[in-house]
Each structure stands twice: as structure tokens, then as C-alpha cells.
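Have a look at the structure below before the remarks.
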Amino acid sequence: MGYEALSRGPEWSQLFSPIAMIQEAEKQGISYELDYLMRKKAILNLQDIDAHKKIFININPNFIKNESLVYGRTLEVLKEKGIYTFAKRCARNYQCL
């Protein structure tokens with residue numbers, strides 16, 4: 001069992017739905033930036049979770065092969081938050097987005 005991190009825009013806005021946010025980011029040409037921001041906020045907003053459970057963060061699979069992808073950005077956020085166990089395993093087994 002674990003947690004899933006979900007992103008939402010402001011309740012009162014047309015961007016409340018994550019689908020609406022993603023579609024608007026695509027129109028504006030900032031999909032990669034939004035994807036990273038969603039990951040970063042999901043990690044930084046973690047509070048009082050059971051250390052034996054996992055957190056699931058969705059990413060856009062199109063960015064894995066994207067030339068503009070900067071590997072290690074998510075790893076740095078994990079380190080900043082103090083989540084060293086995952087950060088060490090991630091760096092050892094594969095590159096973190």
C-alpha cells in the first residue's frame with residue numbers, strides 16, 4: 001500500500017483539473033516544466049507519511065526520451081526533502097528523472 005500524489009489547479013479556476021492544466025501547458029509549450037513542477041510539489045508537500053509505504057508520482061513518459069530532460073532534478077528534490085533511502089536506491093539502479 002502507498003500514496004499517490006495528485007496535482008490540481010486552484011479550485012475556482014478552469015485549470016483545477018490536471019487534464020486541463022496539462023492541455024494548457026501543451027498549448028503554451030511548457031509541458032516539461034509543468035511535469036517537473038508537479039513532481040517537485042508532490043515531493044515537497046509530503047507530510048507525516050508512513051516511512052514503510054511508497055509514494056507514486058505519475059510522469060509523462062514522453063519526457064523520458066526528450067532531449068531537454070535534465071536527469072537528476074527529481075533526485076535533488078528528494079535529497080532536499082530528506083528522502084535519502086529512495087534517493088540512494090534510485091541513483092544506484094537507474095537514473096531519476
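Just so we're on the same page: first chain in the C-alpha cells is A, next is B, and so on; residues restart at 1 for each chain, and ligands are numbered from 1 in the order they show up.
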Quiz item: Contacts of Asn45 in chain A at 12 Å or less, counting only C-alpha atoms, minus same-chain residues fewer than 6 places along, as number ranges by chain?
Solution: A: 5-7, 37-39, 55, 77-78, 80-81
Output C-alpha atoms for every residue in the selection just made, as a PDB file, in the first residue's frame.
```pdb
ATOM      1  CA  ALA A   5       0.401  12.302  -5.414  1.00  0.00           C
ATOM      2  CA  LEU A   6      -2.221  14.248  -7.353  1.00  0.00           C
ATOM      3  CA  SER A   7      -1.921  17.759  -8.766  1.00  0.00           C
ATOM      4  CA  LEU A  37       6.798  21.265 -11.097  1.00  0.00           C
ATOM      5  CA  MET A  38       4.125  18.636 -10.381  1.00  0.00           C
ATOM      6  CA  ARG A  39       6.803  16.126  -9.304  1.00  0.00           C
ATOM      7  CA  ILE A  55       4.673   7.288  -2.898  1.00  0.00           C
ATOM      8  CA  VAL A  77      14.294  17.379  -4.708  1.00  0.00           C
ATOM      9  CA  LEU A  78      14.230  14.036  -2.877  1.00  0.00           C
ATOM     10  CA  GLU A  80      16.237  18.397  -0.360  1.00  0.00           C
ATOM     11  CA  LYS A  81      13.229  16.808   1.337  1.00  0.00           C
TER      12      LYS A  81
END
```
Exercise. Show which residues sit within 10 Å of Ile49 in chain A, as a PyMOL selection string. Count only C-alpha atoms, and ignore same-chain residues fewer than 5 positions away.
Key: chain A and resi 2-3+54-55
Self-check item: Test item: residues at most 8 Å from range 18-24 of chain A, only C-alpha atoms, excluding those fewer than 3 positions along its chain, as a list in words
Solution: Ser7, Arg8, Gly9, Gln14, Leu15, Lys27, Gln28, Ser31 and Leu34 of chain A
Can I get the selected residues back with C-alpha atoms, as a compact mmCIF listing (two decimals), in the first residue's frame?
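Produced file selection.txt, reproduced below:
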```
# COMPACT_ATOMS: atom_id res chain seq x y z
CA SER A 7 -1.92 17.76 -8.77
CA ARG A 8 -4.75 20.24 -9.08
CA GLY A 9 -5.01 23.87 -10.06
CA GLN A 14 -10.53 26.47 -15.30
CA LEU A 15 -7.21 24.75 -14.57
CA LYS A 27 -0.60 24.78 -25.84
CA GLN A 28 1.89 27.13 -24.17
CA SER A 31 4.72 20.69 -20.71
CA LEU A 34 4.75 21.64 -15.62
```
Quiz prompt | One-decimal distance in Å that lies between CA of Lys40 in chain A and CA of Phe63 in chain A | solution =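 We find that CA of Phe63 in chain A and CA of Lys40 in chain A lie 15.3 Å from each other.
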Self-check item: range 4-69 of chain A: residues DSSP assigns to helix (DSSP H, G or I), reported as a list of chain:residue names
Solution: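 Answer for range 4-69 of chain A restricted to helix (DSSP H, G or I) is A:Pro18, A:Ile19, A:Ala20, A:Met21, A:Ile22, A:Gln23, A:Glu24, A:Ala25, A:Glu26, A:Lys27, A:Gln28, A:Ser31, A:Tyr32, A:Glu33, A:Leu34, A:Asp35, A:Tyr36, A:Leu37, A:Met38, A:Arg39, A:Lys40, A:Lys41, A:Ala42, A:Ile43, A:Leu44, A:Pro61, A:Asn62, A:Phe63.
Here CA of Asn60 in chain A and CA of Gly29 in chain A stand 14.3 Å from one another.
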Self-check item: Between CA of Asp35 in chain A and CA of Lys53 in chain A - distance in Å to one decimal
Solution: 23.2 Å
Practice problem: Among the residues of range 3-70 of chain A, find those DSSP assigns to strand (DSSP E) from the backbone and print them as number ranges by chain. | Solution: A: 3-4, 54-56
Let's have the selection written as a PDB file, in the first residue's frame, with N, CA and C atoms.
```pdb
ATOM      1  N   TYR A   3       0.840   5.782  -1.320  1.00  0.00           N
ATOM      2  CA  TYR A   3       0.156   7.035  -1.594  1.00  0.00           C
ATOM      3  C   TYR A   3       0.346   7.398  -3.056  1.00  0.00           C
ATOM      4  N   GLU A   4      -0.643   8.112  -3.597  1.00  0.00           N
ATOM      5  CA  GLU A   4      -0.494   8.652  -4.943  1.00  0.00           C
ATOM      6  C   GLU A   4      -0.561  10.160  -4.834  1.00  0.00           C
ATOM      7  N   LYS A  54       4.978   3.470   0.070  1.00  0.00           N
ATOM      8  CA  LYS A  54       5.561   4.082  -1.128  1.00  0.00           C
ATOM      9  C   LYS A  54       4.715   5.258  -1.576  1.00  0.00           C
ATOM     10  N   ILE A  55       5.375   6.170  -2.273  1.00  0.00           N
ATOM     11  CA  ILE A  55       4.673   7.288  -2.898  1.00  0.00           C
ATOM     12  C   ILE A  55       4.767   7.084  -4.410  1.00  0.00           C
ATOM     13  N   PHE A  56       3.646   7.204  -5.094  1.00  0.00           N
ATOM     14  CA  PHE A  56       3.601   7.035  -6.541  1.00  0.00           C
ATOM     15  C   PHE A  56       3.366   8.398  -7.179  1.00  0.00           C
TER      16      PHE A  56
END
```
